[in-house]
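Reproduced below: protein.txt, with compact mmCIF, C-alpha atoms.
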# COMPACT_ATOMS: atom_id res chain seq x y z
CA MET M 1 8.57 -4.17 24.41
CA THR M 2 5.26 -2.59 25.41
CA ARG M 3 2.05 -4.55 25.70
CA LEU M 4 -1.23 -2.67 25.90
CA LYS M 5 -4.23 -4.60 27.23
CA SER M 6 -7.33 -4.64 25.07
CA ASP M 7 -9.87 -3.47 27.63
CA VAL M 8 -7.90 -0.57 29.12
CA ARG M 9 -7.47 2.99 27.89
CA HIS M 10 -3.83 3.90 27.59
CA PRO M 11 -2.27 7.37 27.48
CA ILE M 12 -1.14 8.42 24.00
CA HIS M 13 1.08 11.46 23.48
CA VAL M 14 1.51 13.07 20.07
CA SER M 15 2.46 16.36 18.54
CA LEU M 16 -0.61 17.72 16.72
CA ASN M 17 0.21 20.50 14.26
CA GLY M 18 3.24 21.36 16.36
CA GLU M 19 1.50 21.31 19.75
CA PRO M 20 2.16 18.53 22.28
CA VAL M 21 -1.18 16.93 23.15
CA ALA M 22 -2.34 13.77 24.90
CA GLY M 23 -5.39 11.58 25.06
CA GLU M 24 -6.41 8.05 25.94
CA ALA M 25 -6.99 5.15 23.60
CA GLU M 26 -7.75 1.45 23.74
CA PRO M 27 -5.48 -0.61 21.47
CA ARG M 28 -8.29 -0.87 18.92
CA THR M 29 -8.90 2.90 18.75
CA LEU M 30 -8.30 4.21 15.23
CA LEU M 31 -6.22 7.33 14.78
CA SER M 32 -9.20 8.96 13.01
CA ASP M 33 -11.38 8.45 16.09
CA PHE M 34 -8.58 9.43 18.44
CA LEU M 35 -8.14 12.74 16.59
CA ARG M 36 -11.85 13.50 16.57
CA HIS M 37 -13.05 12.18 19.91
CA GLN M 38 -10.04 12.53 22.17
CA LEU M 39 -8.27 15.54 20.71
CA GLY M 40 -11.33 17.34 19.33
CA ALA M 41 -9.70 17.73 15.92
CA THR M 42 -12.86 17.15 13.91
CA GLY M 43 -11.47 18.58 10.67
CA THR M 44 -10.35 15.06 9.75
CA HIS M 45 -13.38 13.30 8.32
CA VAL M 46 -14.26 9.61 8.46
CA GLY M 47 -15.65 8.17 5.27
CA CYS M 48 -15.31 4.51 4.37
CA GLU M 49 -13.15 3.30 7.27
CA HIS M 50 -11.28 0.84 5.09
CA GLY M 51 -8.74 3.01 3.36
CA VAL M 52 -10.49 3.56 0.04
CA CYS M 53 -12.05 7.03 0.12
CA GLY M 54 -9.13 9.10 1.44
CA ALA M 55 -11.27 11.52 3.50
CA CYS M 56 -9.32 10.74 6.68
CA THR M 57 -5.84 11.30 5.18
CA VAL M 58 -3.40 13.04 7.54
CA VAL M 59 0.39 13.28 7.73
CA VAL M 60 2.26 11.23 10.35
CA ASP M 61 6.01 11.81 10.69
CA GLY M 62 6.10 13.14 7.13
CA MET M 63 4.16 10.20 5.67
CA LEU M 64 0.73 10.52 4.09
CA THR M 65 -1.44 8.29 6.26
CA ARG M 66 -4.96 6.96 6.19
CA SER M 67 -5.92 7.68 9.78
CA CYS M 68 -8.64 4.99 9.59
CA LEU M 69 -5.99 2.37 8.78
CA THR M 70 -3.77 3.44 11.67
CA LEU M 71 -4.12 2.79 15.37
CA ALA M 72 -3.67 5.58 17.89
CA ALA M 73 -1.27 3.20 19.66
CA GLN M 74 0.95 3.08 16.56
CA VAL M 75 1.52 6.84 16.52
CA ASP M 76 2.41 7.33 20.19
CA GLY M 77 5.25 9.87 20.15
CA CYS M 78 4.74 10.81 16.49
CA GLU M 79 4.22 14.16 14.80
CA ILE M 80 0.78 14.48 13.25
CA LYS M 81 -0.37 17.14 10.84
CA THR M 82 -4.06 17.59 10.14
CA VAL M 83 -6.17 20.04 8.16
CA GLU M 84 -6.38 22.29 11.23
CA GLY M 85 -2.68 23.01 10.73
CA LEU M 86 -2.98 24.35 7.17
CA ALA M 87 -4.33 27.83 7.79
CA PRO M 88 -1.71 30.36 8.95
CA ALA M 89 -4.22 31.84 11.44
CA ALA M 90 -7.79 31.24 12.54
CA ASP M 91 -9.25 33.79 10.11
CA ARG M 92 -6.82 33.34 7.22
CA LEU M 93 -6.57 30.68 4.54
CA GLY M 94 -3.35 29.26 3.11
CA VAL M 95 -2.49 29.55 -0.57
CA LEU M 96 -3.85 26.09 -1.40
CA GLN M 97 -7.07 26.71 0.52
CA GLN M 98 -7.57 30.05 -1.26
CA ALA M 99 -7.11 28.34 -4.60
CA PHE M 100 -9.73 25.76 -3.62
CA ARG M 101 -12.16 28.57 -2.85
CA ARG M 102 -11.47 30.45 -6.10
CA HIS M 103 -11.90 27.34 -8.25
CA HIS M 104 -14.91 25.89 -6.41
CA ALA M 105 -12.79 22.82 -5.73
CA LEU M 106 -15.20 21.70 -3.04
CA GLN M 107 -18.92 21.54 -2.66
CA CYS M 108 -20.05 19.48 0.32
CA GLY M 109 -16.51 19.49 1.70
CA PHE M 110 -16.53 15.99 3.11
CA CYS M 111 -13.51 14.80 1.11
CA THR M 112 -11.73 18.15 1.19
CA ALA M 113 -9.67 17.77 4.36
CA GLY M 114 -8.01 14.61 3.09
CA ILE M 115 -7.38 16.05 -0.38
CA LEU M 116 -5.87 19.22 1.10
CA MET M 117 -3.50 17.13 3.23
CA SER M 118 -2.37 15.07 0.22
CA LEU M 119 -1.85 18.15 -1.93
CA ASP M 120 -0.11 20.16 0.81
CA HIS M 121 2.28 17.25 1.41
CA TYR M 122 2.88 16.70 -2.30
CA LEU M 123 3.38 20.34 -3.31
CA ALA M 124 5.89 20.84 -0.49
CA ARG M 125 8.02 18.09 -2.05
CA ASN M 126 7.17 18.63 -5.72
CA PRO M 127 6.93 22.38 -6.31
CA ALA M 128 6.40 22.13 -10.08
CA PRO M 129 3.90 19.33 -10.66
CA ILE M 130 2.31 18.49 -13.98
CA GLU M 131 -1.37 17.66 -14.32
CA ALA M 132 -0.75 13.92 -14.67
CA GLU M 133 1.03 13.86 -11.31
CA ILE M 134 -1.84 15.67 -9.60
CA ARG M 135 -4.28 13.21 -11.16
CA ASP M 136 -2.17 10.29 -9.93
CA LEU M 137 -2.17 11.75 -6.42
CA LEU M 138 -5.93 12.35 -6.51
CA SER M 139 -6.53 8.71 -7.47
CA GLY M 140 -6.18 8.10 -3.73
CA HIS M 141 -9.26 10.21 -2.97
CA LEU M 142 -12.93 10.00 -3.79
CA CYS M 143 -14.92 13.18 -4.42
CA ARG M 144 -18.57 12.84 -5.47
CA CYS M 145 -19.33 16.55 -5.99
CA THR M 146 -16.69 18.22 -8.12
CA GLY M 147 -15.71 15.78 -10.85
CA TYR M 148 -12.11 16.56 -9.81
CA THR M 149 -11.41 19.10 -12.59
CA PRO M 150 -11.67 22.16 -10.30
CA ILE M 151 -9.46 20.40 -7.74
CA ILE M 152 -6.78 19.87 -10.36
CA GLN M 153 -7.02 23.51 -11.47
CA ALA M 154 -6.77 24.71 -7.88
CA ALA M 155 -3.76 22.49 -7.21
CA LEU M 156 -1.88 23.65 -10.29
CA GLU M 157 -2.63 27.30 -9.60
CA ALA M 158 -1.57 26.95 -5.97
CA ALA M 159 1.66 25.27 -7.06
CA ALA M 160 2.44 28.11 -9.49
CA GLN M 161 1.64 30.70 -6.84
CA LEU M 162 3.75 29.00 -4.20
CA ALA M 163 6.63 28.76 -6.63
CA SER M 164 6.46 32.43 -7.65
CA SER M 165 6.09 33.82 -4.15
CA LYS M 166 7.41 31.73 -1.31
CA LYS M 167 6.77 34.54 1.17
CA GLU M 168 3.12 35.27 0.56
CA THR M 169 1.29 32.46 2.29
CA SER M 170 -1.92 34.11 3.47
CA ASP M 171 -4.66 36.37 2.22
CA ALA M 172 -4.25 38.85 5.05
CA MET S 1 -16.76 -0.20 11.17
CA LYS S 2 -14.35 -0.37 14.08
CA PRO S 3 -11.94 -3.20 14.81
CA PRO S 4 -12.77 -5.79 17.46
CA ALA S 5 -10.78 -5.63 20.73
CA PHE S 6 -7.22 -6.93 20.80
CA ASP S 7 -4.05 -6.49 22.83
CA TYR S 8 -1.33 -4.46 21.16
CA LEU S 9 2.33 -5.37 21.48
CA ARG S 10 4.96 -2.91 20.32
CA ALA S 11 7.93 -5.16 19.56
CA GLU S 12 11.44 -3.74 19.97
CA THR S 13 13.29 -6.81 18.67
CA VAL S 14 12.66 -9.71 16.30
CA GLY S 15 12.84 -11.91 19.42
CA ASP S 16 9.80 -10.12 20.85
CA VAL S 17 7.85 -10.92 17.68
CA LEU S 18 8.89 -14.58 17.57
CA ASP S 19 8.06 -15.05 21.26
CA GLY S 20 4.66 -13.47 20.75
CA LEU S 21 3.94 -15.66 17.73
CA ALA S 22 5.20 -18.80 19.50
CA GLN S 23 2.92 -18.09 22.44
CA HIS S 24 -0.23 -16.99 20.62
CA GLY S 25 0.08 -18.59 17.16
CA GLY S 26 -3.01 -18.04 15.07
CA ASP S 27 -4.53 -15.67 17.65
CA ALA S 28 -1.77 -13.18 16.90
CA ARG S 29 -1.27 -11.11 13.75
CA VAL S 30 1.79 -9.15 12.72
CA LEU S 31 1.04 -5.47 12.09
CA ALA S 32 3.42 -3.71 9.71
CA GLY S 33 2.12 -0.85 7.54
CA GLY S 34 -1.45 -1.93 8.23
CA GLN S 35 -2.78 -1.09 4.77
CA SER S 36 -4.34 -4.52 4.30
CA LEU S 37 -4.65 -5.82 7.87
CA MET S 38 -6.32 -2.71 9.30
CA ALA S 39 -9.00 -2.83 6.60
CA MET S 40 -9.57 -6.51 7.44
CA LEU S 41 -9.87 -5.60 11.13
CA ASN S 42 -12.23 -2.68 10.47
CA MET S 43 -14.47 -4.97 8.43
CA ARG S 44 -14.06 -7.66 11.10
CA LEU S 45 -12.83 -10.18 8.57
CA ALA S 46 -9.94 -10.79 10.98
CA LYS S 47 -10.36 -11.00 14.76
CA PRO S 48 -6.95 -11.57 16.33
CA LYS S 49 -6.48 -11.42 20.09
CA LEU S 50 -3.06 -9.82 19.75
CA LEU S 51 -1.47 -7.45 17.23
CA ILE S 52 2.32 -7.38 17.13
CA ASP S 53 3.58 -4.08 15.72
CA ILE S 54 6.96 -4.64 14.04
CA MET S 55 7.56 -1.15 12.65
CA ARG S 56 9.85 0.03 15.45
CA ILE S 57 12.35 -2.79 14.79
CA ARG S 58 15.25 -1.16 12.94
CA GLU S 59 16.83 -4.36 11.63
CA LEU S 60 13.69 -5.19 9.63
CA ARG S 61 13.80 -1.88 7.74
CA LYS S 62 16.78 -2.73 5.55
CA ILE S 63 17.11 -3.14 1.79
CA GLU S 64 20.29 -5.17 1.25
CA ARG S 65 21.91 -5.93 -2.07
CA THR S 66 24.04 -9.05 -2.32
CA ALA S 67 25.91 -10.30 -5.39
CA ASP S 68 22.83 -11.70 -7.12
CA ALA S 69 19.83 -10.73 -5.03
CA VAL S 70 18.08 -7.94 -3.16
CA VAL S 71 16.81 -8.75 0.32
CA ILE S 72 13.91 -6.58 1.46
CA GLY S 73 13.07 -6.59 5.17
CA ALA S 74 9.59 -6.90 6.65
CA GLY S 75 9.59 -3.26 7.73
CA VAL S 76 10.43 -1.79 4.31
CA ARG S 77 7.57 0.35 3.13
CA GLN S 78 6.49 0.39 -0.51
CA ALA S 79 7.46 4.06 -0.72
CA ASP S 80 10.92 3.25 0.72
CA LEU S 81 11.56 0.72 -2.03
CA LEU S 82 10.25 3.09 -4.73
CA ALA S 83 12.71 5.71 -3.46
CA TRP S 84 15.64 3.25 -3.37
CA PRO S 85 18.14 4.64 -5.90
CA ASP S 86 19.14 1.18 -7.24
CA LEU S 87 15.58 -0.02 -7.88
CA ALA S 88 15.31 0.50 -11.65
CA GLU S 89 18.71 -1.06 -12.28
CA ALA S 90 18.52 -4.00 -9.84
CA LEU S 91 14.80 -4.82 -9.96
CA PRO S 92 13.35 -3.31 -13.15
CA LEU S 93 10.17 -5.40 -12.96
CA VAL S 94 9.46 -4.16 -9.44
CA ALA S 95 10.12 -0.59 -10.61
CA LEU S 96 7.37 -1.09 -13.21
CA ALA S 97 4.86 -2.79 -10.91
CA LEU S 98 5.27 -0.89 -7.67
CA PRO S 99 3.69 2.41 -8.81
CA CYS S 100 0.49 0.39 -9.43
CA VAL S 101 0.34 -0.83 -5.81
CA GLY S 102 -2.46 1.12 -4.13
CA HIS S 103 -2.07 4.89 -4.06
CA MET S 104 0.65 7.26 -2.94
CA GLN S 105 -1.31 7.66 0.30
CA THR S 106 -1.16 3.89 1.02
CA ARG S 107 2.32 3.15 -0.38
CA SER S 108 3.67 5.65 2.13
CA ARG S 109 2.84 3.23 4.95
CA GLY S 110 2.18 -0.16 3.35
CA THR S 111 5.05 -2.64 3.30
CA ILE S 112 6.28 -4.97 0.58
CA CYS S 113 6.13 -8.02 2.83
CA GLY S 114 2.72 -7.05 4.20
CA SER S 115 1.33 -7.18 0.69
CA LEU S 116 2.78 -10.69 0.30
CA ALA S 117 1.41 -11.81 3.67
CA HIS S 118 -2.06 -10.59 2.65
CA ALA S 119 -1.77 -12.60 -0.59
CA ASP S 120 -4.55 -10.97 -2.53
CA PRO S 121 -4.62 -12.80 -5.89
CA SER S 122 -4.84 -9.47 -7.76
CA ALA S 123 -1.98 -7.77 -5.94
CA GLU S 124 1.14 -6.65 -7.80
CA MET S 125 3.89 -7.62 -5.36
CA PRO S 126 2.89 -11.30 -5.15
CA LEU S 127 2.86 -11.31 -8.95
CA ALA S 128 6.34 -9.76 -9.12
CA LEU S 129 7.67 -12.27 -6.58
CA VAL S 130 6.34 -15.18 -8.66
CA ALA S 131 7.48 -13.69 -11.98
CA LEU S 132 11.02 -13.19 -10.66
CA GLY S 133 11.17 -16.55 -8.85
CA GLY S 134 11.97 -14.90 -5.52
CA GLU S 135 11.93 -16.42 -2.07
CA VAL S 136 10.15 -15.62 1.18
CA LEU S 137 12.30 -15.70 4.30
CA LEU S 138 10.33 -17.14 7.19
CA ARG S 139 11.46 -17.30 10.79
CA SER S 140 9.97 -18.72 13.94
CA ALA S 141 11.42 -19.27 17.42
CA ARG S 142 12.23 -22.82 16.28
CA ARG S 143 13.67 -22.43 12.80
CA ARG S 144 14.37 -20.37 9.72
CA ARG S 145 13.33 -21.41 6.24
CA ARG S 146 13.17 -20.05 2.71
CA VAL S 147 10.11 -20.75 0.62
CA ALA S 148 10.07 -20.34 -3.15
CA ALA S 149 7.47 -17.91 -4.48
CA LYS S 150 5.51 -20.60 -6.31
CA ASP S 151 5.17 -22.62 -3.10
CA PHE S 152 4.38 -19.64 -0.87
CA PHE S 153 0.95 -18.72 -2.21
CA ALA S 154 -1.44 -21.49 -1.23
CA GLY S 155 -4.76 -19.99 -2.29
CA MET S 156 -6.80 -16.83 -2.17
CA MET S 157 -5.34 -14.90 0.78
CA LEU S 158 -3.63 -18.07 2.00
CA THR S 159 0.10 -18.62 2.27
CA ALA S 160 2.52 -21.31 3.40
CA ARG S 161 3.41 -19.26 6.48
CA SER S 162 2.79 -21.17 9.71
CA ASP S 163 0.99 -19.39 12.55
CA ASP S 164 4.22 -19.02 14.53
CA GLU S 165 6.26 -17.64 11.64
CA LEU S 166 7.23 -14.08 10.82
CA ILE S 167 7.91 -13.09 7.22
CA GLU S 168 11.30 -11.63 8.00
CA GLY S 169 11.90 -10.50 4.45
CA ILE S 170 12.01 -11.54 0.83
CA SER S 171 14.85 -12.19 -1.55
CA LEU S 172 14.44 -11.13 -5.17
CA PRO S 173 17.02 -12.25 -7.71
CA VAL S 174 18.89 -9.61 -9.68
CA ILE S 175 18.58 -10.86 -13.26
CA ASN S 176 21.03 -9.22 -15.63
CA GLY S 177 20.68 -9.12 -19.38
CA SER S 178 16.93 -9.74 -19.45
CA ASN S 179 13.94 -7.66 -20.44
CA PHE S 180 10.88 -7.06 -18.30
CA ALA S 181 7.40 -5.81 -19.00
CA PHE S 182 4.40 -5.22 -16.76
CA ARG S 183 0.82 -4.14 -17.44
CA GLU S 184 -2.46 -4.27 -15.62
CA VAL S 185 -6.07 -3.39 -16.19
CA ALA S 186 -8.03 -2.00 -13.24
CA ARG S 187 -11.23 0.00 -12.91
CA ARG S 188 -9.23 2.97 -11.64
CA HIS S 189 -5.51 3.49 -11.29
CA GLY S 190 -4.50 2.08 -7.91
CA ASP S 191 -7.41 -0.34 -7.60
CA PHE S 192 -6.73 -4.04 -7.41
CA ALA S 193 -6.12 -5.35 -10.90
CA ILE S 194 -8.76 -7.21 -12.89
CA VAL S 195 -5.81 -8.77 -14.69
CA ALA S 196 -2.13 -8.00 -14.16
CA CYS S 197 0.65 -9.53 -16.24
CA ALA S 198 4.43 -9.56 -15.96
CA ALA S 199 6.75 -10.93 -18.63
CA THR S 200 10.47 -11.68 -18.47
CA LYS S 201 12.89 -12.94 -21.08
CA THR S 202 14.48 -16.19 -19.90
CA PRO S 203 17.57 -17.97 -21.29
CA SER S 204 15.34 -20.44 -23.12
CA GLY S 205 12.46 -18.17 -24.06
CA VAL S 206 9.93 -16.25 -22.05
CA ARG S 207 7.99 -16.37 -18.79
CA LEU S 208 4.55 -14.87 -18.36
CA ALA S 209 3.07 -14.42 -14.87
CA VAL S 210 -0.59 -13.54 -14.43
CA GLY S 211 -2.39 -12.14 -11.38
CA GLY S 212 -6.07 -11.49 -10.79
CA VAL S 213 -7.38 -14.57 -12.59
CA ALA S 214 -6.45 -17.72 -10.64
CA ASP S 215 -6.50 -17.92 -6.83
CA VAL S 216 -2.75 -17.35 -6.80
CA PRO S 217 -0.41 -15.50 -9.15
CA THR S 218 0.71 -18.06 -11.71
CA ALA S 219 3.74 -18.18 -14.00
CA ARG S 220 4.31 -20.17 -17.17
CA ASP S 221 7.56 -20.68 -19.07
CA TRP S 222 7.66 -21.12 -22.80
CA PRO S 223 10.36 -21.46 -25.41
CA ARG S 224 10.47 -18.67 -27.98
CA LEU S 225 7.01 -18.90 -29.52
CA GLU S 226 5.61 -16.85 -32.35
CA GLY S 227 2.48 -16.43 -34.40
CA SER S 228 -0.29 -18.98 -33.96
CA ALA S 229 1.83 -21.19 -31.67
CA LEU S 230 2.02 -18.26 -29.23
CA ASP S 231 -1.70 -17.57 -29.62
CA ASP S 232 -2.51 -21.21 -28.86
CA ALA S 233 -0.22 -21.29 -25.84
CA LEU S 234 -1.74 -18.09 -24.44
CA ASN S 235 -5.26 -19.33 -25.07
CA ALA S 236 -4.57 -22.62 -23.27
CA PHE S 237 -2.95 -20.75 -20.37
CA ALA S 238 -5.89 -18.33 -20.15
CA TYR S 239 -8.31 -21.26 -19.78
CA GLU S 240 -6.09 -23.16 -17.34
CA LEU S 241 -6.16 -20.20 -14.95
CA GLY S 242 -9.84 -20.97 -14.27
CA ALA S 243 -11.18 -17.42 -14.56
CA ARG S 244 -14.47 -16.70 -12.81
CA ASP S 245 -17.15 -14.04 -13.23
CA ASP S 246 -17.39 -11.43 -10.51
CA VAL S 247 -18.71 -7.89 -10.08
CA HIS S 248 -15.64 -6.41 -11.76
CA ALA S 249 -15.38 -8.52 -14.90
CA THR S 250 -16.53 -11.67 -16.61
CA ALA S 251 -14.36 -14.76 -16.94
CA ARG S 252 -14.36 -14.28 -20.70
CA TYR S 253 -13.08 -10.70 -20.39
CA ARG S 254 -10.31 -11.90 -18.08
CA ARG S 255 -9.24 -14.56 -20.59
CA ASP S 256 -9.28 -11.93 -23.31
CA LEU S 257 -7.00 -9.70 -21.25
CA VAL S 258 -4.58 -12.57 -20.57
CA ARG S 259 -4.37 -13.30 -24.31
CA MET S 260 -4.02 -9.68 -25.41
CA ILE S 261 -1.76 -8.31 -22.67
CA GLY S 262 0.25 -11.53 -22.66
CA ARG S 263 0.91 -11.26 -26.38
CA ASP S 264 1.88 -7.59 -26.13
CA LEU S 265 4.25 -8.11 -23.21
CA ILE S 266 5.91 -11.17 -24.72
CA GLY S 267 6.44 -9.15 -27.89
CA GLU S 268 8.00 -6.37 -25.82
CA VAL S 269 10.46 -8.55 -23.92
CA LEU S 270 11.53 -10.60 -26.95
CA ARG S 271 11.94 -7.59 -29.22
This structure in structure tokens:
Amino acid sequence: MTRLKSDVRHPIHVSLNGEPVAGEAEPRTLLSDFLRHQLGATGTHVGCEHGVCGACTVVVDGMLTRSCLTLAAQVDGCEIKTVEGLAPAADRLGVLQQAFRRHHALQCGFCTAGILMSLDHYLARNPAPIEAEIRDLLSGHLCRCTGYTPIIQAALEAAAQLASSKKETSDA
Amino acid sequence: MKPPAFDYLRAETVGDVLDGLAQHGGDARVLAGGQSLMAMLNMRLAKPKLLIDIMRIRELRKIERTADAVVIGAGVRQADLLAWPDLAEALPLVALALPCVGHMQTRSRGTICGSLAHADPSAEMPLALVALGGEVLLRSARRRRRVAAKDFFAGMMLTARSDDELIEGISLPVINGSNFAFREVARRHGDFAIVACAATKTPSGVRLAVGGVADVPTARDWPRLEGSALDDALNAFAYELGARDDVHATARYRRDLVRMIGRDLIGEVLR
């Protein structure tokens, strides 16, 4: 049993995109704020802060997770994957990210990090999705720019590409 | 917004949780998947002094099938139950309703029992519990008790749980040889329902349970009714639920949905 006092910052250790990292958090610190302010991983965006918009979606121990509905204290010792972990290298985009660019599946980009995390997680487990499944998945995200259609096209094209060529994962 | 300050207790055993609840009572809240409670904290609708995280307690993460029931522990996530291979056969109504609970991104962490503890009148799991006549298993440092679904929900976001009690799990009956139907209307898929209905065939007729209209999910049993007798019964039920206007829908629209969905579902289960 571990009890963390409310007015003290406590050390939190996680694996972020495969790298062991640490920061400090009060019990009330949200994972979204911990990622951005303590770990400097500002790719995860904060939208509504009550679990509705999906902008802050990350993957914790293989589970899609609203980082605004999760405390940093809850994920101590967990493996976290964020949008920073999607690109194979600093100057290269992954297959899904390339498809987003080709299809104009983002405009302002605020919602994009969360949507990419959901799709990356889903396509890894469901390599041959149909459109209805992608739509169901996207119901957990709000996008005010695209009207979703280009996002669906990008997701389906990325899925087909990933299925046809498991090796080619970058544009380099 | 950000949550107010609280202490955080990572419980390793059920005993840790019960001790914490016995000591702090209403100042403590149990944190499971957090998909309802964290939103309440962020909006400062809840201001507990202590959060007790139960998700590292292995014994609460079990789905157990007995001869005539399925017992679902407090740590079982909605996605865990959806992935349970026996779900469609043992709990067909839950298999129909669960995909409508939130979104894939919230079912991955949200728990079944957390949804019941939150007791939103529009939520699907409270409706399923009432429709099936399940029980809530409550435990405090002093005692254990089982509360029938119809007695558990006491009002909008209110339950019969005492401040020192943990919802240790729920028990849902496995009902063989029946038919089940579920349907809801929401603004978007995954939103809380404007009206949600579940119907089951019973030995003497049919049961219809309705969520999203009254303050608590409400079930009604009827003998086998048809034609205008069924219409009259549904109309009376729709009015008795005391629908109110809100930003999502008018009371009249809600009554209409109860009548129309109710009739469809009863037709489906009695076919």
Interface rows for chain S against chain M: nearest pair, Å to one decimal, 7 Å, all atoms listed in the file, as JSON lines:
{"residue": "S:Met1", "atom": "CA", "partner": "M:Glu49", "partner_atom": "CA", "distance": 6.4}
{"residue": "S:Pro3", "atom": "CA", "partner": "M:Arg28", "partner_atom": "CA", "distance": 6.0}
{"residue": "S:Pro4", "atom": "CA", "partner": "M:Arg28", "partner_atom": "CA", "distance": 6.8}
{"residue": "S:Ala5", "atom": "CA", "partner": "M:Ser6", "partner_atom": "CA", "distance": 5.6}
{"residue": "S:Phe6", "atom": "CA", "partner": "M:Ser6", "partner_atom": "CA", "distance": 4.8}
{"residue": "S:Asp7", "atom": "CA", "partner": "M:Ser6", "partner_atom": "CA", "distance": 4.4}
{"residue": "S:Tyr8", "atom": "CA", "partner": "M:Leu4", "partner_atom": "CA", "distance": 5.1}
{"residue": "S:Leu9", "atom": "CA", "partner": "M:Arg3", "partner_atom": "CA", "distance": 4.3}
{"residue": "S:Arg10", "atom": "CA", "partner": "M:Thr2", "partner_atom": "CA", "distance": 5.1}
{"residue": "S:Ala11", "atom": "CA", "partner": "M:Met1", "partner_atom": "CA", "distance": 5.0}
{"residue": "S:Glu12", "atom": "CA", "partner": "M:Met1", "partner_atom": "CA", "distance": 5.3}
{"residue": "S:Gly34", "atom": "CA", "partner": "M:Leu69", "partner_atom": "CA", "distance": 6.3}
{"residue": "S:Gln35", "atom": "CA", "partner": "M:Leu69", "partner_atom": "CA", "distance": 6.2}
{"residue": "S:Met38", "atom": "CA", "partner": "M:Leu69", "partner_atom": "CA", "distance": 5.1}
{"residue": "S:Ala39", "atom": "CA", "partner": "M:His50", "partner_atom": "CA", "distance": 4.6}
{"residue": "S:Asn42", "atom": "CA", "partner": "M:His50", "partner_atom": "CA", "distance": 6.5}
{"residue": "S:His103", "atom": "CA", "partner": "M:Gly140", "partner_atom": "CA", "distance": 5.2}
{"residue": "S:Met104", "atom": "CA", "partner": "M:Leu137", "partner_atom": "CA", "distance": 6.3}
{"residue": "S:Gln105", "atom": "CA", "partner": "M:Leu64", "partner_atom": "CA", "distance": 5.2}
{"residue": "S:Thr106", "atom": "CA", "partner": "M:Thr65", "partner_atom": "CA", "distance": 6.8}
{"residue": "S:Ser108", "atom": "CA", "partner": "M:Met63", "partner_atom": "CA", "distance": 5.8}
{"residue": "S:Arg109", "atom": "CA", "partner": "M:Thr65", "partner_atom": "CA", "distance": 6.8}
{"residue": "S:His189", "atom": "CA", "partner": "M:Ser139", "partner_atom": "CA", "distance": 6.5}
{"residue": "S:Gly190", "atom": "CA", "partner": "M:Ser139", "partner_atom": "CA", "distance": 6.9}
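Nearest-residue note for S:Leu51: choosing from S:Gly20, S:Ala67, S:Ala74, S:Arg161, the minimum distance belongs to S:Gly20, counting all atoms listed in the file.
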So that I can see what lies close to stretch 218-226 of chain S, please list as a ChimeraX atom specification the residues with an atom at most 10 Å from it, counting only C-alpha atoms and leaving out residues fewer than 3 positions away in the same chain. /S:121,126-127,130-133,149-150,153,197-215,229-234,237,241,263,266-267,270
Suppose we keep C-alpha atoms; can you now write the selection as an mmCIF file, in the frame of the given file?
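Written out: out-v4.cif:
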data_model
loop_
_atom_site.group_PDB
_atom_site.id
_atom_site.type_symbol
_atom_site.label_atom_id
_atom_site.label_comp_id
_atom_site.auth_asym_id
_atom_site.auth_seq_id
_atom_site.Cartn_x
_atom_site.Cartn_y
_atom_site.Cartn_z
ATOM 1 C CA PRO S 121 -4.620 -12.800 -5.890
ATOM 2 C CA PRO S 126 2.890 -11.300 -5.150
ATOM 3 C CA LEU S 127 2.860 -11.310 -8.950
ATOM 4 C CA VAL S 130 6.340 -15.180 -8.660
ATOM 5 C CA ALA S 131 7.480 -13.690 -11.980
ATOM 6 C CA LEU S 132 11.020 -13.190 -10.660
ATOM 7 C CA GLY S 133 11.170 -16.550 -8.850
ATOM 8 C CA ALA S 149 7.470 -17.910 -4.480
ATOM 9 C CA LYS S 150 5.510 -20.600 -6.310
ATOM 10 C CA PHE S 153 0.950 -18.720 -2.210
ATOM 11 C CA CYS S 197 0.650 -9.530 -16.240
ATOM 12 C CA ALA S 198 4.430 -9.560 -15.960
ATOM 13 C CA ALA S 199 6.750 -10.930 -18.630
ATOM 14 C CA THR S 200 10.470 -11.680 -18.470
ATOM 15 C CA LYS S 201 12.890 -12.940 -21.080
ATOM 16 C CA THR S 202 14.480 -16.190 -19.900
ATOM 17 C CA PRO S 203 17.570 -17.970 -21.290
ATOM 18 C CA SER S 204 15.340 -20.440 -23.120
ATOM 19 C CA GLY S 205 12.460 -18.170 -24.060
ATOM 20 C CA VAL S 206 9.930 -16.250 -22.050
ATOM 21 C CA ARG S 207 7.990 -16.370 -18.790
ATOM 22 C CA LEU S 208 4.550 -14.870 -18.360
ATOM 23 C CA ALA S 209 3.070 -14.420 -14.870
ATOM 24 C CA VAL S 210 -0.590 -13.540 -14.430
ATOM 25 C CA GLY S 211 -2.390 -12.140 -11.380
ATOM 26 C CA GLY S 212 -6.070 -11.490 -10.790
ATOM 27 C CA VAL S 213 -7.380 -14.570 -12.590
ATOM 28 C CA ALA S 214 -6.450 -17.720 -10.640
ATOM 29 C CA ASP S 215 -6.500 -17.920 -6.830
ATOM 30 C CA ALA S 229 1.830 -21.190 -31.670
ATOM 31 C CA LEU S 230 2.020 -18.260 -29.230
ATOM 32 C CA ASP S 231 -1.700 -17.570 -29.620
ATOM 33 C CA ASP S 232 -2.510 -21.210 -28.860
ATOM 34 C CA ALA S 233 -0.220 -21.290 -25.840
ATOM 35 C CA LEU S 234 -1.740 -18.090 -24.440
ATOM 36 C CA PHE S 237 -2.950 -20.750 -20.370
ATOM 37 C CA LEU S 241 -6.160 -20.200 -14.950
ATOM 38 C CA ARG S 263 0.910 -11.260 -26.380
ATOM 39 C CA ILE S 266 5.910 -11.170 -24.720
ATOM 40 C CA GLY S 267 6.440 -9.150 -27.890
ATOM 41 C CA LEU S 270 11.530 -10.600 -26.950
#
